[in-house]
Structure formats: structure tokens, C-alpha cells
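**Q** The following block contains the structure, expressed as C-alpha cells.
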Amino acid sequence: MITNYFLLYFSALIISFSILGYGFLLSRIIDKNLSSYNLGYQGLLGILFLTFISYLTIFFMKHGYVHNIIVHIIGISSFVIYFKKKFSLKDIKKFLILFSILFIGLLIIRNHDDFNYYHLTYSLGLTEHKIFMGLGQYSQGYRYHSSLFFFNSIIFLPYIKYYLFHSLGWFTLVFINYLIIDFLLFNKVKELKFEYFFYLFTILFINIKFSRIGGYGTDLSSQMVLITIFPLIYSTLKTNIKSDLFKSNLFMIILLITYTVTLKAFFILSFLFLISFLFFYDFKKIFNIVIFSKTFIFSITLILLLIAVNLAYTGCAIYPVKSTCLSNQLSWALEKDYVGRMYNWVQQWSKSGASSTYRVENPQEYIKGFNWVSNWYERYFLYKFKELIMGLTAAIVILLVSFRGPKKEFLNEKKNKSLLILFLITLILFFEWFYNHPALRYGGYHLFCIIVFIPVCYYLSQKKLFFIEKKKVIISLICVSFIIFGLRNIERINEEQRIVKENNFPLFFSPKQNFEKFELRHNTNLYVPTDLSGCWAIKTPCVFGVEGTIVDKKWGYIIFRKVGHWF
């Protein structure tokens, strides 16, 4: 068991250095000024770059040990080269301390319910084969795309194998914590302004609320990123458009929003935040800065790769949007009528019209307009949403009590206007979320938090408060968030130990699964678990039935087609 602790710790640490190396590399490629941003930003950019590499290479080769070792040798080499140029030993010490404090979040026995169903097998499939066409015909798990699976496949390494496939959310949490703490404690801030309180609010929220890494799924990482870049958007609106800082900030915002889109396609609406720039700057100047930049080329290429992956699995550019499906052009594409029904199902589920134990009558009528609100209120708001509100209320009270002081004499009208515009854009996005998919995991957390954070942080920013006066309070609040993070994880681990008696702690539980092998054309096999309790770590592709399967080969790719009504 002790050996597994060291294996997990040092594997995650090595991958962290590789991620940082790719962050530095992408910074240099996109805009040299980006390389001056702290290790938190470099880590997020590194995850983005590794996602890009994973998307690109999967069309040509599997992500086996050889591929991944080469990838990470390049990343670590980049880290060593750029770290000497841009950062000091103090930076790495701060990172190691933070890494170690949050390490308990990686210790896990039991993952979320979807993990054994498709997260693990989807990711493992990318390590055993280059991309297949048509796997979306077999199960929902192969239809809902997220770059999470592609990041997982590229951290599949000897010894640790797939036991870090739950780690993307944890890496994101570590880098975001570094980003925020570096700003709060090491940025030579004198007077406490809006951005400062927003970051303080954010670190308290994510460390306490998002402490269970195993439950992140494909959604929470992107929401943490979007909350974190909000102050960057706000501060950029106050920056001179001719300055290098304006351009590099804008590029960073675009890159990180693009990354969230790869995690869940509906986060593409977050680009609406960029509309705020048009209220303060000339459209042509903004257009010229963006459209002729490497950032634009990189982001568009990444989104095109995302679309290509979606098409490979489902025949739809964006699933489950039926208008994007090429049902008549691609032999493996899902039928549009079926995709339309699945889109309605997603709405039904997110509007509390379905669960594992019940279904509403007449779902088509239920999801229309606001017919669902009363049921959603009883089944969802009074539990999940109410819990969120209570947690935020407690945080607000703590901040208001901790940061009392005299009011400033002068107010900046431009700042007020920029906050108002950002607030209105957030409200529009929140209404879209509430009307179409009102489950917090589907984008509700970050939107609701921003709506709450803005007025509270604005109120606090109107007080005449200085860092030196509140330093002890700030450090205490950060430490409290770490203590609660640790205590909640200790409680979680004890609970998991009670539920899963036979386990492989500190590595997550992955039982041996019996399966049946089906040999098909073109030396292709499908694997079906015999007890149908999930795929876990059996050979891939893992499916739950092979009836009506036809295997073709074209352009060097294996194509799966299912004859008859497979849905």
C-alpha cells in the first residue's frame, strides 16, 4: 500500500511538470508575453496543449506507452528549459507545497457512477487503438464527447497505467489554486479591489464545494476555469488596447474558453463574454488583434479537431444536435430522429423529469416552456440548489464580517459600467441555462456564482481596505479552505472504505470483469461484459451487444455499422 502512495504522488508530480512544460511551450508559440503568466496559467495552457496533441495524434496512432512517454519527455524537457528562464526556485517550492496539500484529493476508492459505464473504457480505447468510426451506435457513453477522455489517454503510462484517469479535475484544481493564491499573496497588491475579492471568494468556493474529485465528471473542471477567468476579463476591460498586456490577456481568455468548449460543447456560449469588449473598444481593432493571431488559428484548429472526433463517433458535428448530423452522408451516422429524441431526453433529465427511479408522464409536453418548473423546484431546487445557496450565503457572511471598513470617496464610472455589462451577459447565459438544461452540473454552478459574486465583491471593493491590514485574515481564510478540503476528503475516504470492503486504496477500485470476445472482419474484435455491470478495464472496444454489426475498412480506419433498429 505504501508503494502505491509513492506511485500515485510521483506519477502525478511528473505529469504536472510535463503539463507545465507544455504550457510554457504553447505560450511561446502563441505569444511570448503569455510565458510571463504564473504557473497556474501555464498549467491550464499545458492541459489545453496536451488535449490538442491528443486530438491530433489519435487519428494516426493509439496512445500507448511509447507514444505517451515521448510526449511527456518533450513536456518535461520544455519545463526544465523554460523554468530556468522564467521562474525561480521559490515558485517550484510554492507549487510543491500546494501539490502536497491537495494530494489527498487524488486518494480514491470509488468513482462516480458513469466511470465504469464509459469514462474508463472510452479512455482505455484510445490507448489500444487509433480512432474508430461509428462507436456511438453502441451506447450513450460513446456519444457524449469530452476532451477529458483524450487527456486521460495521454497520461496512460507504465506502472500507474489508468489509475490517474480521474485526475483531470484534480490537476485543474491545483493549477487554479496556484493561480489564485499567487495573485492573493504574492502579487504585491496594496489596496483590495474587485478582482481581489472575487478570487478570494472563488478559492473558498471551489476548495470547499468541489472537494470530491471523483465526482467531477466532464463538467466541473470547465466551470472552475470559467469562474477563475472572470476577473481576468474584467481587468482586461480596463486595460489600454494598445498595450501588450491587453493582447496577451485577451489571448489567454480565448484559449481558456476554447478549452472549456472541448470539455462540453455547450460552453461555447461563454464566448459571449467577449461581447463586453465591444462596448469599450473599436470592433475593427479587436477583430484585427484576434483574427490575425496565432490564438485564433490554434482555437479554430482545436474546435475543428473536436468536430472531427464527434463525427467519427456519432456522425454528428455536435451531439445531440440533430441538425449537425450527416445521416445521409456517413454510413455510421446516427439517425436524426433518434438524435432529436435524445436531445429531448437530455432536457427531460436536466429538468428533473426523469431519474433512475421515475419518469414523468408525457415528457414532450413536460419539457415545453416552463411546465417543468414546479416539479424541478420540488425535486431539484430544494435539494441541490438550496444547498448551494446556503453555502454561498455562509461565505458571504464570513467575507462581510471579515472585511469591514470605511467607504471610498471616489468611484470609477468605467469600472461600474464594465461590471454592469458583464453582469447582464451572465444573466442572459443564466436564463439560457435555466430554460434549456437547469442542472447545476450543466453550467449552472459558475453562472450562479458569478451572479452572486459580482454584487458582493463590488460592495467590498468600495471599502478602503489594504492588503497589509487584512493579510492575516486572508491567509486564515485560505488555510480554512484547505482544512475543510482535507477533512471532507478524509470523511469521503472513510465512507468509501465502508462501502467497498475489497479495494486497492489509494488507487481507485477496478474489479476484474468477465467478458465475451467477438471476432469480426478486418482483425477487429468487440468485447461484451457478461454480467453487464459496466465495462471497467476490460479490452476495448467494450459494448453491450454486437447484433447486426457490420465492420468495414476505409481510408485506413475501421468503420462500425449496425443494421436494423439499434436504438
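Chains: A, B, ... in order of the C-alpha cells. Residues: from 1 per chain. Ligands: from 1, in order shown.
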Given only C-alpha atoms, how would the per-residue table for segment 150-229 of chain A near segment 66-81 of chain A read, listing every residue at most 9 Å away with its closest atom pair and distance in Å to one decimal, sorted by chain and number, as JSON lines?
**A**
{"residue": "A:Ser153", "atom": "CA", "partner": "A:Asn68", "partner_atom": "CA", "distance": 8.4}
{"residue": "A:Ile154", "atom": "CA", "partner": "A:Asn68", "partner_atom": "CA", "distance": 5.6}
{"residue": "A:Ile155", "atom": "CA", "partner": "A:Asn68", "partner_atom": "CA", "distance": 6.7}
{"residue": "A:Phe156", "atom": "CA", "partner": "A:Asn68", "partner_atom": "CA", "distance": 6.9}
{"residue": "A:Leu157", "atom": "CA", "partner": "A:Asn68", "partner_atom": "CA", "distance": 6.7}
{"residue": "A:Pro158", "atom": "CA", "partner": "A:Ile69", "partner_atom": "CA", "distance": 8.8}
**Q** Okay, now the selection with N, CA and C atoms, as a short mmCIF file (atom, residue, chain, number, x, y, z; two decimals), in the first residue's frame?
**A**
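What ended up in part-v2.cif:
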data_model
loop_
_atom_site.label_atom_id
_atom_site.label_comp_id
_atom_site.auth_asym_id
_atom_site.auth_seq_id
_atom_site.Cartn_x
_atom_site.Cartn_y
_atom_site.Cartn_z
N SER A 153 -6.19 9.50 -21.91
CA SER A 153 -5.42 8.56 -22.73
C SER A 153 -3.96 8.95 -22.85
N ILE A 154 -3.68 10.23 -22.74
CA ILE A 154 -2.29 10.67 -22.95
C ILE A 154 -1.48 10.64 -21.65
N ILE A 155 -2.15 10.35 -20.51
CA ILE A 155 -1.42 10.17 -19.25
C ILE A 155 -1.42 8.69 -18.86
N PHE A 156 -1.70 7.81 -19.82
CA PHE A 156 -1.61 6.37 -19.62
C PHE A 156 -0.14 5.98 -19.74
N LEU A 157 0.47 5.66 -18.59
CA LEU A 157 1.91 5.44 -18.54
C LEU A 157 2.24 4.15 -17.79
N PRO A 158 3.46 3.62 -17.97
CA PRO A 158 3.83 2.40 -17.26
C PRO A 158 3.67 2.54 -15.75
#
**Q** Might you pull out every residue within 8 Å of Leu168 of chain A, with only C-alpha atoms counted and same-chain residues fewer than 6 positions away left off, and present them as a PyMOL selection string?
**A** chain A and resi 148+151-152+221
**Q** Restricted to all heavy atoms, what would the selected residues look like written as a PDB file, in the first residue's frame?
**A**
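Okay, result35.pdb is ready:
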ATOM      1  N   LEU A 148     -11.899  15.269 -21.798  1.00  0.00           N
ATOM      2  CA  LEU A 148     -11.448  14.550 -20.613  1.00  0.00           C
ATOM      3  C   LEU A 148     -10.879  13.184 -20.981  1.00  0.00           C
ATOM      4  O   LEU A 148      -9.825  12.776 -20.486  1.00  0.00           O
ATOM      5  CB  LEU A 148     -12.620  14.384 -19.639  1.00  0.00           C
ATOM      6  CG  LEU A 148     -12.474  13.378 -18.503  1.00  0.00           C
ATOM      7  CD1 LEU A 148     -11.491  13.900 -17.472  1.00  0.00           C
ATOM      8  CD2 LEU A 148     -13.810  13.081 -17.850  1.00  0.00           C
ATOM      9  N   PHE A 151      -7.499  13.521 -22.702  1.00  0.00           N
ATOM     10  CA  PHE A 151      -6.441  13.829 -21.737  1.00  0.00           C
ATOM     11  C   PHE A 151      -6.067  12.568 -20.958  1.00  0.00           C
ATOM     12  O   PHE A 151      -4.886  12.290 -20.725  1.00  0.00           O
ATOM     13  CB  PHE A 151      -6.903  14.923 -20.775  1.00  0.00           C
ATOM     14  CG  PHE A 151      -5.883  15.266 -19.717  1.00  0.00           C
ATOM     15  CD1 PHE A 151      -4.850  16.143 -19.991  1.00  0.00           C
ATOM     16  CD2 PHE A 151      -5.951  14.693 -18.457  1.00  0.00           C
ATOM     17  CE1 PHE A 151      -3.899  16.451 -19.027  1.00  0.00           C
ATOM     18  CE2 PHE A 151      -5.009  14.987 -17.477  1.00  0.00           C
ATOM     19  CZ  PHE A 151      -3.983  15.868 -17.773  1.00  0.00           C
ATOM     20  N   ASN A 152      -7.082  11.804 -20.543  1.00  0.00           N
ATOM     21  CA  ASN A 152      -6.818  10.551 -19.836  1.00  0.00           C
ATOM     22  C   ASN A 152      -5.889   9.648 -20.634  1.00  0.00           C
ATOM     23  O   ASN A 152      -4.931   9.075 -20.106  1.00  0.00           O
ATOM     24  CB  ASN A 152      -8.126   9.803 -19.574  1.00  0.00           C
ATOM     25  CG  ASN A 152      -8.942  10.405 -18.453  1.00  0.00           C
ATOM     26  OD1 ASN A 152      -8.441  11.218 -17.671  1.00  0.00           O
ATOM     27  ND2 ASN A 152     -10.195  10.030 -18.370  1.00  0.00           N
ATOM     28  N   SER A 221     -14.682  20.819 -14.100  1.00  0.00           N
ATOM     29  CA  SER A 221     -13.391  21.430 -14.426  1.00  0.00           C
ATOM     30  C   SER A 221     -13.577  22.681 -15.270  1.00  0.00           C
ATOM     31  O   SER A 221     -12.945  23.717 -15.032  1.00  0.00           O
ATOM     32  CB  SER A 221     -12.498  20.427 -15.165  1.00  0.00           C
ATOM     33  OG  SER A 221     -12.178  19.337 -14.339  1.00  0.00           O
TER      34      SER A 221
END
**Q** Mind checking which residues fall within 12 Å of Asp531 of chain A, counting only C-alpha atoms, ignoring those fewer than 4 positions away in the same chain, and posting them as a PyMOL selection string?
**A** chain A and resi 512-516+535-536+544
**Q** When you draw a straight line from atom CA of Ile493 of chain A to atom CA of Ile108 of chain A, how long is it in Å?
**A**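 Result for atom CA of Ile493 of chain A versus atom CA of Ile108 of chain A: 6.7 Å, one decimal.
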**Q** Compare A:Trp345, A:Tyr259, A:Phe280, A:Phe271 by their minimum atom-to-atom distance to Leu429 of chain A, counting only C-alpha atoms, and give me the closest one.
**A**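 Between A:Trp345, A:Tyr259, A:Phe280, A:Phe271, the residue approaching Leu429 of chain A most closely is A:Phe271.
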**Q** Leaving out Tyr343 of chain A and any residue of its chain fewer than 4 positions from it, which residues lie within 10 Å of it when counting only C-alpha atoms, given as a PDB file with N, CA and C atoms, in the first residue's frame?
**A**
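Listing of part00.pdb after writing:
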ATOM      1  N   TYR A 319     -23.181  16.393 -30.871  1.00  0.00           N
ATOM      2  CA  TYR A 319     -24.248  15.521 -30.370  1.00  0.00           C
ATOM      3  C   TYR A 319     -24.774  16.085 -29.057  1.00  0.00           C
ATOM      4  N   PRO A 320     -26.109  16.179 -28.825  1.00  0.00           N
ATOM      5  CA  PRO A 320     -27.203  15.628 -29.627  1.00  0.00           C
ATOM      6  C   PRO A 320     -27.984  16.704 -30.395  1.00  0.00           C
ATOM      7  N   VAL A 321     -27.298  17.494 -31.214  1.00  0.00           N
ATOM      8  CA  VAL A 321     -27.969  18.492 -32.054  1.00  0.00           C
ATOM      9  C   VAL A 321     -28.184  17.855 -33.423  1.00  0.00           C
ATOM     10  N   LYS A 322     -29.433  17.472 -33.722  1.00  0.00           N
ATOM     11  CA  LYS A 322     -29.690  16.648 -34.900  1.00  0.00           C
ATOM     12  C   LYS A 322     -29.390  17.353 -36.210  1.00  0.00           C
ATOM     13  N   ASP A 337     -33.743  11.536 -36.364  1.00  0.00           N
ATOM     14  CA  ASP A 337     -34.917  11.428 -35.493  1.00  0.00           C
ATOM     15  C   ASP A 337     -34.517  10.913 -34.110  1.00  0.00           C
ATOM     16  N   TYR A 338     -33.622   9.937 -34.118  1.00  0.00           N
ATOM     17  CA  TYR A 338     -33.165   9.393 -32.843  1.00  0.00           C
ATOM     18  C   TYR A 338     -32.396  10.453 -32.056  1.00  0.00           C
ATOM     19  N   VAL A 339     -31.528  11.197 -32.718  1.00  0.00           N
ATOM     20  CA  VAL A 339     -30.755  12.239 -32.049  1.00  0.00           C
ATOM     21  C   VAL A 339     -31.691  13.303 -31.481  1.00  0.00           C
ATOM     22  N   GLN A 347     -33.017  17.185 -22.028  1.00  0.00           N
ATOM     23  CA  GLN A 347     -33.806  18.246 -21.404  1.00  0.00           C
ATOM     24  C   GLN A 347     -34.705  17.677 -20.310  1.00  0.00           C
ATOM     25  N   GLN A 348     -35.316  16.541 -20.592  1.00  0.00           N
ATOM     26  CA  GLN A 348     -36.195  15.923 -19.603  1.00  0.00           C
ATOM     27  C   GLN A 348     -35.425  15.589 -18.326  1.00  0.00           C
TER      28      GLN A 348
END
**Q** Using only C-alpha atoms, which of A:Gly125, A:Ser476, A:Phe560, A:Lys553 sits nearest Leu185 of chain A?
**A**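 Comparing A:Gly125, A:Ser476, A:Phe560, A:Lys553 against Leu185 of chain A, the winner is A:Ser476.
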**Q** Would you kindly return, as a ChimeraX atom specification, each protein, DNA or RNA residue with an atom no farther than 9 Å from any atom of segment 309-316 of chain A, considering only C-alpha atoms and excluding same-chain residues fewer than 4 positions away?
**A** /A:55,59,131-137,142-145,304-305,320-327,329-334,559
**Q** May I have the selected residues written with C-alpha atoms, as an mmCIF file, in the first residue's frame?
**A**
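Below you can see result_8.cif, which holds the result:
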data_model
loop_
_atom_site.group_PDB
_atom_site.id
_atom_site.type_symbol
_atom_site.label_atom_id
_atom_site.label_comp_id
_atom_site.auth_asym_id
_atom_site.auth_seq_id
_atom_site.Cartn_x
_atom_site.Cartn_y
_atom_site.Cartn_z
ATOM 1 C CA TYR A 55 -6.933 15.035 -30.605
ATOM 2 C CA PHE A 59 -6.217 9.905 -35.983
ATOM 3 C CA ILE A 131 -9.808 6.251 -33.556
ATOM 4 C CA PHE A 132 -12.692 4.041 -34.741
ATOM 5 C CA MET A 133 -15.689 5.266 -36.743
ATOM 6 C CA GLY A 134 -19.202 4.576 -35.506
ATOM 7 C CA LEU A 135 -18.779 3.533 -31.869
ATOM 8 C CA GLY A 136 -21.594 5.911 -30.962
ATOM 9 C CA GLN A 137 -24.057 3.352 -32.365
ATOM 10 C CA TYR A 142 -19.575 6.796 -26.830
ATOM 11 C CA ARG A 143 -21.826 9.636 -27.979
ATOM 12 C CA TYR A 144 -21.246 12.281 -25.328
ATOM 13 C CA HIS A 145 -17.863 13.708 -26.174
ATOM 14 C CA LEU A 304 -12.276 21.541 -35.954
ATOM 15 C CA LEU A 305 -10.490 18.566 -34.403
ATOM 16 C CA PRO A 320 -27.203 15.628 -29.627
ATOM 17 C CA VAL A 321 -27.969 18.492 -32.054
ATOM 18 C CA LYS A 322 -29.690 16.648 -34.900
ATOM 19 C CA SER A 323 -29.182 19.435 -37.459
ATOM 20 C CA THR A 324 -25.423 18.731 -37.285
ATOM 21 C CA CYS A 325 -25.780 15.023 -38.110
ATOM 22 C CA LEU A 326 -24.683 13.759 -41.531
ATOM 23 C CA SER A 327 -27.111 10.849 -41.545
ATOM 24 C CA GLN A 329 -23.591 11.215 -45.950
ATOM 25 C CA LEU A 330 -21.847 8.968 -43.408
ATOM 26 C CA SER A 331 -22.716 5.267 -43.194
ATOM 27 C CA TRP A 332 -22.162 5.164 -39.418
ATOM 28 C CA ALA A 333 -24.030 8.375 -38.553
ATOM 29 C CA LEU A 334 -26.877 8.240 -36.048
ATOM 30 C CA ILE A 559 -15.925 1.589 -39.516
#
**Q** Near Tyr196 of chain A, within 9 Å and counting only C-alpha atoms, which residues show up once chain neighbours fewer than 4 positions away are dropped, as a list in words?
**A**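 Contacts, in chain order: Phe183, Leu184, Val189, Leu192, Leu200, Phe201, Pro231, Cys457 and Ser461 of chain A.
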**Q** Skip Cys542 of chain A itself and residues of its chain fewer than 2 positions away, then list as number ranges by chain all residues within 10 Å of it, counting only C-alpha atoms.
**A** A: 117-118, 121-122, 124-125, 135, 138-139, 515-517, 525-529, 534-540, 544-545
**Q** Write a file of the just-selected residues containing N, CA and C atoms, as a PDB file, in the first residue's frame.
**A**
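Full text of again-v8.pdb as output:
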ATOM      1  N   TYR A 117     -19.109   2.838 -16.446  1.00  0.00           N
ATOM      2  CA  TYR A 117     -20.007   2.686 -17.591  1.00  0.00           C
ATOM      3  C   TYR A 117     -19.308   3.074 -18.891  1.00  0.00           C
ATOM      4  N   TYR A 118     -18.657   4.251 -18.896  1.00  0.00           N
ATOM      5  CA  TYR A 118     -17.998   4.626 -20.147  1.00  0.00           C
ATOM      6  C   TYR A 118     -16.735   5.478 -20.001  1.00  0.00           C
ATOM      7  N   THR A 121     -13.604   2.971 -20.033  1.00  0.00           N
ATOM      8  CA  THR A 121     -13.436   2.200 -21.270  1.00  0.00           C
ATOM      9  C   THR A 121     -13.224   3.112 -22.483  1.00  0.00           C
ATOM     10  N   TYR A 122     -13.887   4.271 -22.509  1.00  0.00           N
ATOM     11  CA  TYR A 122     -13.678   5.233 -23.596  1.00  0.00           C
ATOM     12  C   TYR A 122     -12.207   5.647 -23.630  1.00  0.00           C
ATOM     13  N   LEU A 124      -9.574   4.119 -22.193  1.00  0.00           N
ATOM     14  CA  LEU A 124      -8.706   2.980 -22.476  1.00  0.00           C
ATOM     15  C   LEU A 124      -8.699   2.625 -23.962  1.00  0.00           C
ATOM     16  N   GLY A 125      -9.847   2.794 -24.610  1.00  0.00           N
ATOM     17  CA  GLY A 125      -9.927   2.502 -26.038  1.00  0.00           C
ATOM     18  C   GLY A 125      -8.953   3.327 -26.853  1.00  0.00           C
ATOM     19  N   LEU A 135     -18.556   4.135 -33.188  1.00  0.00           N
ATOM     20  CA  LEU A 135     -18.779   3.533 -31.869  1.00  0.00           C
ATOM     21  C   LEU A 135     -20.004   4.112 -31.171  1.00  0.00           C
ATOM     22  N   TYR A 138     -23.311   2.121 -30.381  1.00  0.00           N
ATOM     23  CA  TYR A 138     -23.421   1.072 -29.383  1.00  0.00           C
ATOM     24  C   TYR A 138     -23.961   1.541 -28.032  1.00  0.00           C
ATOM     25  N   SER A 139     -23.651   2.742 -27.633  1.00  0.00           N
ATOM     26  CA  SER A 139     -24.142   3.192 -26.327  1.00  0.00           C
ATOM     27  C   SER A 139     -24.029   4.707 -26.200  1.00  0.00           C
ATOM     28  N   PHE A 515     -15.872 -11.211 -19.531  1.00  0.00           N
ATOM     29  CA  PHE A 515     -16.382 -10.695 -20.801  1.00  0.00           C
ATOM     30  C   PHE A 515     -16.340 -11.789 -21.856  1.00  0.00           C
ATOM     31  N   GLU A 516     -17.069 -11.529 -22.938  1.00  0.00           N
ATOM     32  CA  GLU A 516     -17.079 -12.428 -24.087  1.00  0.00           C
ATOM     33  C   GLU A 516     -16.474 -11.689 -25.276  1.00  0.00           C
ATOM     34  N   LYS A 517     -15.606 -12.378 -26.001  1.00  0.00           N
ATOM     35  CA  LYS A 517     -14.923 -11.779 -27.145  1.00  0.00           C
ATOM     36  C   LYS A 517     -15.611 -12.189 -28.442  1.00  0.00           C
ATOM     37  N   ASN A 525     -12.095  -6.906 -33.064  1.00  0.00           N
ATOM     38  CA  ASN A 525     -12.841  -7.608 -32.027  1.00  0.00           C
ATOM     39  C   ASN A 525     -13.701  -6.631 -31.228  1.00  0.00           C
ATOM     40  N   LEU A 526     -14.822  -7.134 -30.725  1.00  0.00           N
ATOM     41  CA  LEU A 526     -15.647  -6.401 -29.772  1.00  0.00           C
ATOM     42  C   LEU A 526     -15.749  -7.241 -28.496  1.00  0.00           C
ATOM     43  N   TYR A 527     -15.861  -6.562 -27.364  1.00  0.00           N
ATOM     44  CA  TYR A 527     -15.872  -7.252 -26.072  1.00  0.00           C
ATOM     45  C   TYR A 527     -17.130  -6.861 -25.310  1.00  0.00           C
ATOM     46  N   VAL A 528     -17.856  -7.875 -24.838  1.00  0.00           N
ATOM     47  CA  VAL A 528     -19.123  -7.660 -24.147  1.00  0.00           C
ATOM     48  C   VAL A 528     -19.003  -8.196 -22.719  1.00  0.00           C
ATOM     49  N   PRO A 529     -19.169  -7.344 -21.698  1.00  0.00           N
ATOM     50  CA  PRO A 529     -19.134  -7.834 -20.313  1.00  0.00           C
ATOM     51  C   PRO A 529     -20.298  -8.791 -20.070  1.00  0.00           C
ATOM     52  N   GLY A 534     -21.068  -3.032 -16.283  1.00  0.00           N
ATOM     53  CA  GLY A 534     -20.149  -1.984 -16.697  1.00  0.00           C
ATOM     54  C   GLY A 534     -18.917  -2.581 -17.339  1.00  0.00           C
ATOM     55  N   CYS A 535     -18.197  -1.769 -18.082  1.00  0.00           N
ATOM     56  CA  CYS A 535     -17.036  -2.274 -18.810  1.00  0.00           C
ATOM     57  C   CYS A 535     -15.789  -2.379 -17.941  1.00  0.00           C
ATOM     58  N   TRP A 536     -15.613  -1.413 -17.025  1.00  0.00           N
ATOM     59  CA  TRP A 536     -14.409  -1.337 -16.227  1.00  0.00           C
ATOM     60  C   TRP A 536     -13.184  -1.363 -17.146  1.00  0.00           C
ATOM     61  N   ALA A 537     -12.165  -2.198 -16.810  1.00  0.00           N
ATOM     62  CA  ALA A 537     -10.899  -2.121 -17.548  1.00  0.00           C
ATOM     63  C   ALA A 537     -10.690  -3.313 -18.474  1.00  0.00           C
ATOM     64  N   ILE A 538     -11.784  -3.862 -19.036  1.00  0.00           N
ATOM     65  CA  ILE A 538     -11.620  -4.969 -19.966  1.00  0.00           C
ATOM     66  C   ILE A 538     -11.118  -4.452 -21.313  1.00  0.00           C
ATOM     67  N   LYS A 539     -10.786  -5.372 -22.203  1.00  0.00           N
ATOM     68  CA  LYS A 539     -10.303  -4.998 -23.529  1.00  0.00           C
ATOM     69  C   LYS A 539     -11.340  -4.144 -24.248  1.00  0.00           C
ATOM     70  N   THR A 540     -10.873  -3.345 -25.188  1.00  0.00           N
ATOM     71  CA  THR A 540     -11.761  -2.430 -25.908  1.00  0.00           C
ATOM     72  C   THR A 540     -11.740  -2.745 -27.408  1.00  0.00           C
ATOM     73  N   PHE A 544     -22.225  -3.425 -25.331  1.00  0.00           N
ATOM     74  CA  PHE A 544     -23.213  -4.229 -24.602  1.00  0.00           C
ATOM     75  C   PHE A 544     -24.090  -5.052 -25.540  1.00  0.00           C
ATOM     76  N   GLY A 545     -23.597  -5.288 -26.745  1.00  0.00           N
ATOM     77  CA  GLY A 545     -24.312  -6.113 -27.710  1.00  0.00           C
ATOM     78  C   GLY A 545     -23.709  -5.930 -29.092  1.00  0.00           C
TER      79      GLY A 545
END
**Q** Please report, as JSON lines, each residue of segment 242-361 of chain A lying at most 8 Å from segment 33-42 of chain A, together with the nearest pair of atoms and the separation in Å rounded to one decimal; use only C-alpha atoms, and order rows by chain and ascending residue number.
**A**
{"residue": "A:Asp244", "atom": "CA", "partner": "A:Asn33", "partner_atom": "CA", "distance": 7.4}
{"residue": "A:Leu245", "atom": "CA", "partner": "A:Asn33", "partner_atom": "CA", "distance": 7.8}
{"residue": "A:Ser248", "atom": "CA", "partner": "A:Leu34", "partner_atom": "CA", "distance": 5.9}
{"residue": "A:Met252", "atom": "CA", "partner": "A:Leu34", "partner_atom": "CA", "distance": 7.5}
**Q** Quick one: pull the distance between atom CA of Ser243 of chain A and atom CA of Phe283 of chain A, Å, one decimal.
**A** 16.4 Å
**Q** Among segment 231-466 of chain A, which ones does DSSP place in helix (DSSP H, G or I), written as JSON, numbers by chain?
**A** {"A": [231, 232, 233, 234, 235, 236, 244, 245, 246, 247, 248, 249, 250, 251, 252, 253, 254, 255, 256, 257, 258, 259, 260, 261, 262, 263, 265, 266, 267, 268, 269, 270, 271, 272, 273, 274, 275, 276, 277, 278, 279, 283, 284, 285, 286, 287, 288, 289, 290, 291, 294, 295, 296, 297, 298, 299, 300, 301, 302, 303, 304, 305, 306, 307, 308, 309, 310, 311, 312, 313, 314, 322, 323, 324, 336, 337, 338, 339, 340, 341, 342, 343, 344, 345, 346, 347, 348, 349, 350, 363, 364, 365, 366, 373, 374, 375, 376, 377, 378, 379, 380, 381, 382, 383, 384, 385, 386, 387, 388, 389, 390, 391, 392, 393, 394, 395, 396, 397, 398, 399, 400, 401, 402, 413, 414, 415, 416, 417, 418, 419, 420, 421, 422, 423, 424, 425, 426, 427, 428, 429, 430, 431, 432, 433, 434, 435, 436, 440, 441, 442, 444, 445, 446, 447, 448, 449, 450, 451, 452, 453, 454, 455, 456, 457, 458, 459, 460, 461]}
**Q** Calculated over only C-alpha atoms, which of the candidates A:Glu469, A:Ile206, A:Tyr281, A:Ile425 has the smallest distance to Ser402 of chain A?
**A**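 The shortest atom-to-atom distance to Ser402 of chain A comes from A:Glu469.
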**Q** Determine the nearest neighbour of Phe52 of chain A from the options A:Ser299, A:Asn504, A:Ile253, A:Ile104, counting only C-alpha atoms.
**A**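 Among the listed residues, A:Ser299 lies closest to Phe52 of chain A.
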